[in-house]
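Below: one structure, written as structure tokens.
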Amino acid sequence: MIKLGAFDYITKPLIPDEVLNVISNSLNQQAVSQDQATPGISDANKEKQAPGMNGSFYIGTSAATRELYRQIEIVAPTNYSVILYGESGTGKEVIAKTIHQYSDRRDKPFIAMDCGTISKELSGSELFGHMKGAFTGALGDKEGHFELANGGTLFLDEVANLSYDIQAALLRVIQERKFKRVGGTRELSSDVRIIVASNENLQDAYQKGKFREDLFHRFNEFSINLPPLRKRRDDIESLAHFFLEKTNAELGKKIAGFDQQVLQLFLEYTWPGNLREMRNVVRRSVLLTAEGLISDHTLPFEITHFGQSARSSDSAHPAEPVARDSDLKNTTAKAEYQAIINVLKEVNNNKTKAAEILNIDRKTLYNKIKNYEK
Ligand SMILES: Nc1ncnc2c1ncn2[C@@H]1O[C@H](COP(=O)(O)OP(=O)(O)OP(=O)(O)O)[C@@H](O)[C@H]1O
Ligand SMILES: [Mg+2]
């Protein structure tokens, strides 16, 4: 079975080399401001910035990111539906907005809907709108996302969470470009480009009967895998500097960089929260650093101790410090600490899973970690 992913699957039949050669690009840039950020986009396009896109983002130079932006550049100007696969914090929404921004739809709205948190009852009304009195709580007429996004792009985050009924309704709108508000009789038309994001492979989801196969094929005109940060090692250092500069600007500080140990820890850590986590870590460190370089004292526990655990379990005598300790309380605490670290490492720092394996609740785990941090 082919694992879905644009890297090894989509690009070959779709994009001949000649086309790629025509697309000029500036992928060598490391960190550039938003209006310069998407490579190969014509100047005319650059002038028309989409609303809400005035931040800045990082491109990176690792092979994985260059490939990513090459694909974004190619698919953005089309009307293709796009599936974005990627772990939490890899930048799915950022990429969805970027695709919108570099399409002809950039002057029309970009509307995002989080299908992961919305209730089954409400998702129909969110998508298609409703008429006053259509259900309890429908106090007035309301436009849905398909109306709001008309002419623009609709981004459906965590799309696998939509109920089967809603999936069927969605399929109809995509096929016929027509729909009715909940409780409404008038037929409305909508021209919307759809970008969806999912943590799980939608092909697996439809094979398990969780997702409609026909809808999957509608969405799957193009798919992009956003690489997790741990597979973008070459980007880690420059990404950290990118977030450092942004935070310096935000806080009016002049922190010069990271000391060697911090950079080493950054490289060893697996970043389960990906870019979001790194951004948060750097923001916290900059805040805690008065001057000079950022040191490991400003890093959160999971990063400082993750590295330590990786090193100690690689060494020949991992248990030595514990065995030599004569204070029983201390010994127990250290053993417990080591067990927690090992499990966290095993589950890629997923604290929910770690708590399960350790047979304690999440709150207890958090408290224990907090205590070690002291
Ligand atoms: N290319 C980038 N450059 C700079 N920052 C980025 C980039 N991509 C993501 N980020 C940062 O990471 C954060 C998370 O990005 P985003 O919300 O797009 O991730 P996501 O994949 O949608 O996450 P989730 O699965 O949790 O919804 C953003 O708020 C932004 O700060
Ligand atoms: Mg998201």
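To be explicit about the labels: the chains of the structure tokens are called A, B, and onward in the order shown, and within each one the residues are counted from 1, while ligands get numbers from 1 in the order they are shown.
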Problem set entry | Surroundings of ligand 2 up to 8 Å, based on only C-alpha atoms and all ligand atoms, as a PyMOL selection string | chain A and resi 88-89+91-93+114+157-158+197
Dump of C-alpha atoms for the selected residues, as a tab-separated table (two decimals), in the first residue's frame:
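The new file selection35.tsv reads:
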chain	number	residue	atom	x	y	z
A	88	SER	CA	0.39	18.91	16.12
A	89	GLY	CA	2.21	22.21	15.77
A	91	GLY	CA	2.21	24.49	10.89
A	92	LYS	CA	-0.82	23.08	9.07
A	93	GLU	CA	-2.90	26.20	9.53
A	114	ASP	CA	-11.83	23.35	13.79
A	157	ASP	CA	-8.93	21.37	10.56
A	158	GLU	CA	-9.06	17.84	12.04
A	197	ALA	CA	-5.89	19.01	7.73
For this session: Would you list the residues that come within 9 Å of ligand 1? Count only C-alpha atoms and all ligand atoms and give the answer as a PyMOL selection string.
Result: chain A and resi 31+55-60+84-97+114+157-158+197-199+226+239+242-243+273-280
Take the residues from that selection and put them in a file with N, CA, C and O atoms, as a compact mmCIF listing (two decimals), in the first residue's frame.
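What ended up in selection.txt:
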# COMPACT_ATOMS: atom_id res chain seq x y z
N ALA A 31 15.27 32.93 6.96
CA ALA A 31 14.11 33.51 7.61
C ALA A 31 13.79 34.81 6.91
O ALA A 31 14.62 35.68 6.83
N GLY A 55 1.97 38.51 9.91
CA GLY A 55 3.04 38.00 10.76
C GLY A 55 4.24 37.65 9.88
O GLY A 55 4.38 38.15 8.79
N SER A 56 5.07 36.78 10.38
CA SER A 56 6.14 36.33 9.52
C SER A 56 6.38 34.86 9.79
O SER A 56 6.03 34.35 10.85
N PHE A 57 6.90 34.20 8.82
CA PHE A 57 7.17 32.79 9.06
C PHE A 57 8.47 32.35 8.45
O PHE A 57 9.08 33.03 7.63
N TYR A 58 8.88 31.22 8.90
CA TYR A 58 10.20 30.70 8.61
C TYR A 58 10.10 29.63 7.55
O TYR A 58 9.22 28.78 7.58
N ILE A 59 11.02 29.66 6.63
CA ILE A 59 11.00 28.64 5.59
C ILE A 59 11.97 27.50 5.90
O ILE A 59 11.57 26.35 5.99
N GLY A 60 13.22 27.82 6.09
CA GLY A 60 14.17 26.76 6.42
C GLY A 60 14.91 26.26 5.21
O GLY A 60 14.51 26.50 4.07
N LEU A 84 -3.60 18.41 4.16
CA LEU A 84 -2.34 18.64 4.87
C LEU A 84 -2.24 17.64 6.00
O LEU A 84 -3.09 17.61 6.89
N TYR A 85 -1.22 16.81 5.94
CA TYR A 85 -0.98 15.87 7.03
C TYR A 85 0.16 16.40 7.88
O TYR A 85 1.16 16.88 7.33
N GLY A 86 0.02 16.28 9.17
CA GLY A 86 1.15 16.70 10.01
C GLY A 86 0.77 16.61 11.47
O GLY A 86 -0.38 16.79 11.85
N GLU A 87 1.79 16.35 12.27
CA GLU A 87 1.57 16.28 13.72
C GLU A 87 1.19 17.66 14.25
O GLU A 87 1.35 18.67 13.55
N SER A 88 0.77 17.66 15.48
CA SER A 88 0.39 18.91 16.12
C SER A 88 1.54 19.92 16.10
O SER A 88 2.69 19.56 16.38
N GLY A 89 1.21 21.15 15.72
CA GLY A 89 2.21 22.21 15.77
C GLY A 89 3.19 22.25 14.61
O GLY A 89 4.15 23.01 14.63
N THR A 90 2.95 21.44 13.59
CA THR A 90 3.88 21.46 12.45
C THR A 90 3.59 22.62 11.50
O THR A 90 4.35 22.88 10.57
N GLY A 91 2.48 23.30 11.71
CA GLY A 91 2.21 24.49 10.89
C GLY A 91 1.14 24.27 9.83
O GLY A 91 1.14 24.95 8.79
N LYS A 92 0.19 23.38 10.08
CA LYS A 92 -0.82 23.08 9.07
C LYS A 92 -1.65 24.32 8.74
O LYS A 92 -1.92 24.62 7.58
N GLU A 93 -2.06 25.02 9.79
CA GLU A 93 -2.90 26.20 9.53
C GLU A 93 -2.08 27.31 8.86
O GLU A 93 -2.57 28.00 7.97
N VAL A 94 -0.86 27.45 9.29
CA VAL A 94 0.03 28.45 8.67
C VAL A 94 0.17 28.15 7.17
O VAL A 94 0.07 29.04 6.32
N ILE A 95 0.34 26.88 6.84
CA ILE A 95 0.51 26.50 5.43
C ILE A 95 -0.80 26.69 4.67
O ILE A 95 -0.80 27.16 3.52
N ALA A 96 -1.92 26.34 5.29
CA ALA A 96 -3.21 26.52 4.62
C ALA A 96 -3.40 28.00 4.26
O ALA A 96 -3.83 28.33 3.14
N LYS A 97 -3.06 28.88 5.18
CA LYS A 97 -3.20 30.32 4.91
C LYS A 97 -2.24 30.74 3.81
O LYS A 97 -2.58 31.59 2.98
N ASP A 114 -12.44 24.45 13.07
CA ASP A 114 -11.83 23.35 13.79
C ASP A 114 -12.86 22.26 14.01
O ASP A 114 -13.73 22.38 14.86
N ASP A 157 -9.97 21.96 9.74
CA ASP A 157 -8.93 21.37 10.56
C ASP A 157 -9.48 20.12 11.25
O ASP A 157 -10.64 20.10 11.64
N GLU A 158 -8.66 19.11 11.41
CA GLU A 158 -9.06 17.84 12.04
C GLU A 158 -10.33 17.29 11.39
O GLU A 158 -11.30 16.93 12.06
N ALA A 197 -7.07 19.48 7.00
CA ALA A 197 -5.89 19.01 7.73
C ALA A 197 -6.28 17.83 8.59
O ALA A 197 -7.42 17.73 9.06
N SER A 198 -5.33 16.94 8.76
CA SER A 198 -5.61 15.77 9.57
C SER A 198 -4.34 15.26 10.23
O SER A 198 -3.26 15.31 9.64
N ASN A 199 -4.50 14.81 11.46
CA ASN A 199 -3.39 14.17 12.17
C ASN A 199 -3.24 12.74 11.71
O ASN A 199 -2.17 12.18 11.71
N LEU A 226 3.55 17.52 6.23
CA LEU A 226 4.42 18.48 6.90
C LEU A 226 5.36 17.71 7.82
O LEU A 226 4.88 17.00 8.71
N LEU A 239 15.89 27.90 13.13
CA LEU A 239 14.52 28.14 13.57
C LEU A 239 14.52 28.76 14.98
O LEU A 239 13.77 29.70 15.26
N PHE A 242 15.36 32.24 14.62
CA PHE A 242 14.23 32.96 14.05
C PHE A 242 13.23 33.36 15.14
O PHE A 242 12.82 34.52 15.25
N PHE A 243 12.89 32.39 16.01
CA PHE A 243 11.95 32.71 17.10
C PHE A 243 12.59 33.67 18.10
O PHE A 243 11.91 34.51 18.70
N GLY A 273 5.77 18.78 20.27
CA GLY A 273 4.85 19.88 19.91
C GLY A 273 5.34 20.69 18.72
O GLY A 273 4.77 21.73 18.39
N ASN A 274 6.42 20.23 18.13
CA ASN A 274 6.93 20.80 16.89
C ASN A 274 7.17 22.31 16.94
O ASN A 274 7.66 22.81 17.94
N LEU A 275 6.81 23.04 15.86
CA LEU A 275 7.16 24.46 15.82
C LEU A 275 6.50 25.26 16.92
O LEU A 275 7.07 26.20 17.45
N ARG A 276 5.27 24.89 17.26
CA ARG A 276 4.59 25.61 18.32
C ARG A 276 5.38 25.48 19.63
O ARG A 276 5.56 26.45 20.35
N GLU A 277 5.83 24.25 19.91
CA GLU A 277 6.57 24.02 21.14
C GLU A 277 7.88 24.81 21.13
O GLU A 277 8.24 25.45 22.13
N MET A 278 8.57 24.79 20.01
CA MET A 278 9.84 25.52 19.98
C MET A 278 9.61 27.02 20.16
O MET A 278 10.34 27.69 20.88
N ARG A 279 8.58 27.52 19.53
CA ARG A 279 8.27 28.94 19.67
C ARG A 279 8.03 29.27 21.15
O ARG A 279 8.56 30.23 21.68
N ASN A 280 7.24 28.43 21.82
CA ASN A 280 6.94 28.67 23.23
C ASN A 280 8.20 28.59 24.10
O ASN A 280 8.38 29.39 25.01
Exercise. Within 8 Å of region 123-139 of chain A, counting only C-alpha atoms, which residues qualify if same-chain residues fewer than 3 places away don't, as an MDAnalysis selection string?
Worked result: chainID A and resid 115 118:120 142:147 162 166 179:184
For this session: From region 16-237 of chain A, collect each residue whose DSSP state is alpha helix (DSSP H) and return the set as a PyMOL selection string.
Result: chain A and resi 17-22+34-37+43-47+63-75+92-101+120-128+145-148+164-176+202-207+213-219+233-237
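With distances restricted to only C-alpha atoms, A:Pro227 is the closest residue to Ala63 (chain A) from A:Pro227, A:Val343, A:Tyr269, A:Leu358.
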For this session: Show which residues sit within 6 Å of region 214-225 of chain A, as number ranges by chain. Count only C-alpha atoms, and ignore same-chain residues fewer than 6 positions away.
Result: A: 5-6, 80-86, 171
Writing out the chosen residues with C-alpha atoms as a tab-separated table (two decimals), in the first residue's frame:
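part.tsv, freshly written:
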chain	number	residue	atom	x	y	z
A	5	GLY	CA	2.14	11.75	0.94
A	6	ALA	CA	3.07	14.19	-1.69
A	80	TYR	CA	-7.14	21.84	-6.16
A	81	SER	CA	-8.34	20.61	-2.82
A	82	VAL	CA	-5.40	19.92	-0.56
A	83	ILE	CA	-4.97	17.56	2.36
A	84	LEU	CA	-2.34	18.64	4.87
A	85	TYR	CA	-0.98	15.87	7.03
A	86	GLY	CA	1.15	16.70	10.01
A	171	LEU	CA	-19.78	15.87	-0.38
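Restricting the calculation to only C-alpha atoms, the smallest distance between Lys208 (chain A) and any of A:Met113, A:Ala160, A:Leu287, A:Val196 is found for A:Ala160.
Taking CA of Gln338 (chain A) and CA of Pro272 (chain A) as the two end points, the separation is 19.7 Å.
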Exercise. If you run DSSP on this backbone, which residues of region 155-263 of chain A come out as strand (DSSP E), and could you give them as a PyMOL selection string?
Worked result: chain A and resi 155-157+178-179+188-189+193-198+222-225+257-258
